[in-house]
Amino acid sequence: MRHKAKKKIEENMTEDNSHPGFPELDSQTAEEAARCIAAETPENAAPETGKLEQNLEDELRQEKDRYLRLYAEFDNYKKRVARDKEELIKYGNESLLYELLPVIDNLEMAMKHSSNDTSAGFAQGVEITLKEFLRVIDKFGLSPIDASGKMFDPLLHHAMTQVERDDIDENMVVEEFRKGYMFSEKVLRPSLVAVSKKTVRSDSVSEETLTLNTDTDTK
């Protein structure tokens with residue numbers, strides 16, 4: 001249809017070229033020409049442009065969300081690395097100090113058993129060595145746990161036995177078998193202790209008295 005309209009327009013223009021001035025088209029030919037031009041113009045140009053813009057906005061939003069997720073993951077990674085580095089610096093000497101604890105135990109035991117006069121000089125040397133040793137390890141964050149006379153704490157103490165004591169409250173540390181140590185804010189080794197408990201009183205005397213009274217009344 002469009003081709004026929006174009007052909008007819010060309011024929012009319014050819015015929016009118018023999019006359020001077022501009023070519024004149026009849027109304028039917030003009031309408032067909034207008035329809036032909038409208039048909040060649042894309043009707044869905046505006047909707048396609050809007051759809052393209054919407055797709056671009058969706059892609060931009062998706063890329064922005066992806067960027068934010070990656071940024072959050074990287075920020076968490078940096079915090080985790082910094083925390084691990086801090087822990088490594090803070091507790092880097094843990095294994096070494098733990099291996100040195102038996103040395104401290106042996107020095108303290110030597111001090112405890114050197115009570116006679118013949119070993120006084122030796123005991124003094126051991127005491128000086130022990131004090132200097134404790135001073136050095138204190139610089140690296142190792143400190144003894146104060147257990148004797150304290151309330152039993154399962155986070156700091158390990159109960160080896162219970163002792164019946166009526167002169168003090170229950171769950172008090174009455175004896176320390178092995179000293180415990182803290183490394184910075186961490187329990188490196190708990191204290192081995194004995195814990196107090198109240199004396200369990202037997203009712204056998206009362207039952208015997210009650211039985212004797214009952215026999216007396218029967219007679």
# chains A, B, ... in the order shown; residues from 1 in each chain; ligands from 1
$ residues_around --residues "segment 173-188 of chain A" --least-positions-apart "2" --cutoff "7 Å" --atoms "only C-alpha atoms" --output "ChimeraX atom specification"
/A:141-145,147-152,156,171,190-196
$ write_last_selection --atoms "N, CA and C atoms" --output "PDB file, in the first residue's frame"
ATOM      1  N   GLY A 141      53.219 -10.276  81.612  1.00  0.00           N
ATOM      2  CA  GLY A 141      51.791 -10.446  81.859  1.00  0.00           C
ATOM      3  C   GLY A 141      51.402 -11.646  82.685  1.00  0.00           C
ATOM      4  N   LEU A 142      52.373 -12.377  83.255  1.00  0.00           N
ATOM      5  CA  LEU A 142      52.053 -13.547  84.072  1.00  0.00           C
ATOM      6  C   LEU A 142      51.977 -13.134  85.538  1.00  0.00           C
ATOM      7  N   SER A 143      50.873 -13.493  86.190  1.00  0.00           N
ATOM      8  CA  SER A 143      50.686 -13.130  87.601  1.00  0.00           C
ATOM      9  C   SER A 143      50.008 -14.284  88.327  1.00  0.00           C
ATOM     10  N   PRO A 144      50.369 -14.521  89.620  1.00  0.00           N
ATOM     11  CA  PRO A 144      49.761 -15.623  90.383  1.00  0.00           C
ATOM     12  C   PRO A 144      48.325 -15.307  90.772  1.00  0.00           C
ATOM     13  N   ILE A 145      47.518 -16.354  90.907  1.00  0.00           N
ATOM     14  CA  ILE A 145      46.126 -16.226  91.348  1.00  0.00           C
ATOM     15  C   ILE A 145      46.096 -16.276  92.870  1.00  0.00           C
ATOM     16  N   ALA A 147      44.452 -17.291  95.913  1.00  0.00           N
ATOM     17  CA  ALA A 147      43.400 -18.267  96.196  1.00  0.00           C
ATOM     18  C   ALA A 147      43.125 -18.451  97.681  1.00  0.00           C
ATOM     19  N   SER A 148      44.131 -18.488  98.515  1.00  0.00           N
ATOM     20  CA  SER A 148      43.955 -18.809  99.936  1.00  0.00           C
ATOM     21  C   SER A 148      43.029 -17.806 100.631  1.00  0.00           C
ATOM     22  N   GLY A 149      42.008 -18.363 101.312  1.00  0.00           N
ATOM     23  CA  GLY A 149      41.050 -17.536 102.034  1.00  0.00           C
ATOM     24  C   GLY A 149      40.002 -16.885 101.156  1.00  0.00           C
ATOM     25  N   LYS A 150      39.997 -17.159  99.863  1.00  0.00           N
ATOM     26  CA  LYS A 150      39.031 -16.576  98.954  1.00  0.00           C
ATOM     27  C   LYS A 150      37.847 -17.518  98.731  1.00  0.00           C
ATOM     28  N   MET A 151      36.746 -16.953  98.267  1.00  0.00           N
ATOM     29  CA  MET A 151      35.595 -17.760  97.888  1.00  0.00           C
ATOM     30  C   MET A 151      35.948 -18.607  96.668  1.00  0.00           C
ATOM     31  N   PHE A 152      35.528 -19.871  96.688  1.00  0.00           N
ATOM     32  CA  PHE A 152      35.843 -20.772  95.585  1.00  0.00           C
ATOM     33  C   PHE A 152      35.217 -20.260  94.286  1.00  0.00           C
ATOM     34  N   LEU A 156      38.604 -19.943  88.366  1.00  0.00           N
ATOM     35  CA  LEU A 156      39.986 -19.724  88.782  1.00  0.00           C
ATOM     36  C   LEU A 156      40.578 -20.902  89.541  1.00  0.00           C
ATOM     37  N   ASN A 171      32.415 -23.327 100.953  1.00  0.00           N
ATOM     38  CA  ASN A 171      32.983 -22.981  99.646  1.00  0.00           C
ATOM     39  C   ASN A 171      34.086 -21.925  99.741  1.00  0.00           C
ATOM     40  N   PRO A 190      44.667 -23.085  86.443  1.00  0.00           N
ATOM     41  CA  PRO A 190      43.873 -22.859  87.657  1.00  0.00           C
ATOM     42  C   PRO A 190      44.601 -23.356  88.905  1.00  0.00           C
ATOM     43  N   SER A 191      44.218 -22.800  90.040  1.00  0.00           N
ATOM     44  CA  SER A 191      44.805 -23.227  91.313  1.00  0.00           C
ATOM     45  C   SER A 191      44.175 -24.539  91.761  1.00  0.00           C
ATOM     46  N   LEU A 192      45.000 -25.440  92.278  1.00  0.00           N
ATOM     47  CA  LEU A 192      44.504 -26.690  92.866  1.00  0.00           C
ATOM     48  C   LEU A 192      44.297 -26.438  94.357  1.00  0.00           C
ATOM     49  N   VAL A 193      43.051 -26.575  94.823  1.00  0.00           N
ATOM     50  CA  VAL A 193      42.720 -26.140  96.178  1.00  0.00           C
ATOM     51  C   VAL A 193      41.845 -27.164  96.898  1.00  0.00           C
ATOM     52  N   ALA A 194      41.759 -26.952  98.222  1.00  0.00           N
ATOM     53  CA  ALA A 194      40.797 -27.663  99.069  1.00  0.00           C
ATOM     54  C   ALA A 194      39.730 -26.660  99.489  1.00  0.00           C
ATOM     55  N   VAL A 195      38.479 -27.103  99.487  1.00  0.00           N
ATOM     56  CA  VAL A 195      37.349 -26.210  99.719  1.00  0.00           C
ATOM     57  C   VAL A 195      36.634 -26.631 100.998  1.00  0.00           C
ATOM     58  N   SER A 196      36.190 -25.663 101.761  1.00  0.00           N
ATOM     59  CA  SER A 196      35.526 -25.935 103.041  1.00  0.00           C
ATOM     60  C   SER A 196      34.069 -26.333 102.842  1.00  0.00           C
TER      61      SER A 196
END
$ residues_around --residues "segment 118-133 of chain A" --least-positions-apart "6" --cutoff "12 Å" --atoms "only C-alpha atoms" --output "ChimeraX atom specification"
/A:97,100-101,103-112,139-140,142-143
$ write_last_selection --atoms "C-alpha atoms" --output "PDB file, in the first residue's frame"
ATOM      1  CA  LEU A  97      55.292 -19.102  79.982  1.00  0.00           C
ATOM      2  CA  LEU A 100      58.096 -22.234  82.752  1.00  0.00           C
ATOM      3  CA  LEU A 101      55.490 -22.839  85.443  1.00  0.00           C
ATOM      4  CA  VAL A 103      60.311 -24.284  87.157  1.00  0.00           C
ATOM      5  CA  ILE A 104      58.513 -21.887  89.487  1.00  0.00           C
ATOM      6  CA  ASP A 105      56.871 -24.826  91.271  1.00  0.00           C
ATOM      7  CA  ASN A 106      60.243 -26.484  91.872  1.00  0.00           C
ATOM      8  CA  LEU A 107      61.812 -23.306  93.209  1.00  0.00           C
ATOM      9  CA  GLU A 108      58.903 -22.755  95.589  1.00  0.00           C
ATOM     10  CA  MET A 109      59.113 -26.389  96.741  1.00  0.00           C
ATOM     11  CA  ALA A 110      62.843 -26.011  97.396  1.00  0.00           C
ATOM     12  CA  MET A 111      62.112 -22.942  99.500  1.00  0.00           C
ATOM     13  CA  LYS A 112      59.427 -24.798 101.415  1.00  0.00           C
ATOM     14  CA  LYS A 139      56.750  -8.012  82.822  1.00  0.00           C
ATOM     15  CA  PHE A 140      55.242 -10.361  80.225  1.00  0.00           C
ATOM     16  CA  LEU A 142      52.053 -13.547  84.072  1.00  0.00           C
ATOM     17  CA  SER A 143      50.686 -13.130  87.601  1.00  0.00           C
TER      18      SER A 143
END
$ closest_residue --among "A:Leu70, A:Ile137, A:Val81, A:Leu52" --to "Asn93 of chain A" --atoms "only C-alpha atoms"
A:Ile137
$ select_by_dssp --residues "segment 67-172 of chain A" --states "strand (DSSP E)" --output "PyMOL selection string"
chain A and resi 142-144+157-164
$ write_last_selection --atoms "C-alpha atoms" --output "PDB file, in the first residue's frame"
ATOM      1  CA  LEU A 142      52.053 -13.547  84.072  1.00  0.00           C
ATOM      2  CA  SER A 143      50.686 -13.130  87.601  1.00  0.00           C
ATOM      3  CA  PRO A 144      49.761 -15.623  90.383  1.00  0.00           C
ATOM      4  CA  HIS A 157      40.198 -22.762  91.075  1.00  0.00           C
ATOM      5  CA  HIS A 158      40.067 -26.518  90.675  1.00  0.00           C
ATOM      6  CA  ALA A 159      38.753 -28.251  93.821  1.00  0.00           C
ATOM      7  CA  MET A 160      40.741 -31.369  94.729  1.00  0.00           C
ATOM      8  CA  THR A 161      38.958 -32.141  98.012  1.00  0.00           C
ATOM      9  CA  GLN A 162      36.540 -30.783 100.608  1.00  0.00           C
ATOM     10  CA  VAL A 163      37.409 -30.165 104.241  1.00  0.00           C
ATOM     11  CA  GLU A 164      34.864 -29.968 107.068  1.00  0.00           C
TER      12      GLU A 164
END
